[in-house]
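The next block holds one structure in the form of structure tokens; read it before the comments.
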Amino acid sequence: QRSRRPHSTGSRRPPAAGPALSGRRRRTPCAPLSAAPYDAAEALYAYIASPSPVHDALHAAGTAYAGLIDAHPLATKSVTNAVVGVTGDAIAQRGQVYDRQRAARYALKGLGGGLLWAVYFDFADAFAVENVDGPAARVALQMALEQFFWVPLYVAFYDLPFASRLNGVPARRVPNVVRDSYVSTLVASAKLWTPANLLVYSTPVEYRLLVSNIFDLAWNTVNSDIAASCSEECPVGDGPPGASRMCPPDRPPEALPTSR
């Protein structure tokens with residue numbers, strides 16, 4: 001005789017076999033997990049691609065600048081460098097009467113500096129491509145070439161002498177400017193430009209001076225302010241030089257990195 005156990009609330013009956021069970025299963029509709037990121041990416045792309053005045057203006061400016069770089073590379077880079085120098089100086093002159101002669105000196109120095117740096121960037125890129133393989137090695141080589149070969153020449157024969165002459169330092173005192181500021185300027189430039197050059201030399205060669213100009217804009221704002229405090233308040237003397245003129249020995253200016 002079979003014993004029957006009463007079915008309590010906690011007991012479970014074994015599932016019935018056969019196709020009838022599978023027919024009674026309910027499937028919960030669930031969207032795939034990849035759908036949300038895909039939809040977000042599509043929405044972001046649509047937003048970026050949507051027409052807007054700011055987007056259209058930036059696109060037009062970038063296209064125009066790229067066209068000028070292709071058609072007139074040296075002139076475009078040189079003028080851009082001059083505009084950055086004048087803009088940085090204008091920011092430094094905020095709150096005071098605008099000195100047009102000072103701005104003109106920055107523009108003239110920027111034209112020459114832009115031309116020199118544009119030629120150098122082309123040379124350094126060709127040298128690195130010919131001598132080493134791999135993007136990281138080329139960036140490292142060009143950074144070393146700039147710091148230990150190009151910048152010492154640029155500071156000694158253009159940056160310090162030209163800035164001094166533009167600001168009225170007599171020609172016979174220009175060697176004193178170079179002698180007294182040369183080492184400190186190289187050290188200050190290395191501190192400023194070594195981190196920046198990681199990005200500069202990772203950029204295509206035709207846009208390297210433009211990327212440098214972004215850093216230069218911030219630097220020229222500080223540089224022109226310090227230079228003005230020396231050239232406008234200090235008489236020309238035999239003491240350590242500033243960015244523009246030499247100040248008396250009791251007021252030595254801070255060493256200034258070279259701008260591009």
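Each chain of the structure tokens is named A, B, ... in the order shown, its residues numbered from 1; ligands are numbered from 1 in display order.
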For the contact check between region 156-214 of chain A and region 48-72 of chain A, emit one row per residue of region 156-214 of chain A within 12 Å, containing the shortest atom pair and the distance in Å rounded to one decimal, counting only C-alpha atoms, chain then rising number order, as JSON lines.
```
{"residue": "A:Val205", "atom": "CA", "partner": "A:Ile69", "partner_atom": "CA", "distance": 11.1}
{"residue": "A:Glu206", "atom": "CA", "partner": "A:Ile69", "partner_atom": "CA", "distance": 7.3}
{"residue": "A:Tyr207", "atom": "CA", "partner": "A:Ile69", "partner_atom": "CA", "distance": 8.6}
{"residue": "A:Arg208", "atom": "CA", "partner": "A:Ile69", "partner_atom": "CA", "distance": 11.6}
{"residue": "A:Leu209", "atom": "CA", "partner": "A:Ile69", "partner_atom": "CA", "distance": 11.1}
{"residue": "A:Leu210", "atom": "CA", "partner": "A:Tyr65", "partner_atom": "CA", "distance": 10.4}
```
Distance query region 133-135 of chain A at most 10 Å, only C-alpha atoms, self and fewer than 6 positions along chain excluded, as a PDB file with C-alpha atoms, in the first residue's frame:
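The result, stored in out-v6.pdb:
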```pdb
ATOM      1  CA  LEU A 141      65.384  62.800 -31.219  1.00  0.00           C
ATOM      2  CA  TYR A 201      56.559  66.935 -31.930  1.00  0.00           C
ATOM      3  CA  SER A 202      53.636  64.500 -31.881  1.00  0.00           C
TER       4      SER A 202
END
```
| In terms of the shortest atom-to-atom distance over only C-alpha atoms, which of A:Thr87, A:Thr194, A:Thr80, A:Ser212 is closest to Met143 (chain A)? |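 Closest candidate: A:Thr194.
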| field | DSSP alpha helix (DSSP H) residues within region 66-185 of chain A, listed as an MDAnalysis selection string | value | chainID A and resid 66:71 73:92 100:131 135:145 151:154 160:166 174:185
Taking only residues of region 147-180 of chain A that have an atom at most 12 Å from an atom of region 99-102 of chain A, what is each one's shortest atom pair and its distance in Å to one decimal, using only C-alpha atoms, in chain and number order, as a tab-separated table?
```
residue	atom	partner	partner_atom	distance
A:Ala163	CA	A:Arg102	CA	11.0
A:Leu166	CA	A:Arg102	CA	9.2
A:Asn167	CA	A:Arg102	CA	8.4
A:Gly168	CA	A:Arg102	CA	11.5
```
Take the residues from that selection and put them in a file with C-alpha atoms, as a JSON list (two decimals), in the first residue's frame.
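That gives us result_35.json:
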```json
[["chain", "number", "residue", "atom", "x", "y", "z"],
["A", 163, "ALA", "CA", 65.10, 91.75, -28.86],
["A", 166, "LEU", "CA", 64.60, 96.44, -30.99],
["A", 167, "ASN", "CA", 64.34, 97.87, -27.50],
["A", 168, "GLY", "CA", 67.23, 100.29, -27.85]]
```
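Among the candidates A:Ala144, A:Leu116, A:Val155, A:Val79, the one nearest to Ala128 (chain A) when counting only C-alpha atoms is A:Ala144.
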| request: Check the smallest atom-to-atom distance from each of A:Leu145, A:Val97, A:Leu217, A:Ala140 to Pro195 (chain A) using only C-alpha atoms, then report the winner. | output: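 Answer, going by the shortest atom-to-atom distance: A:Ala140.
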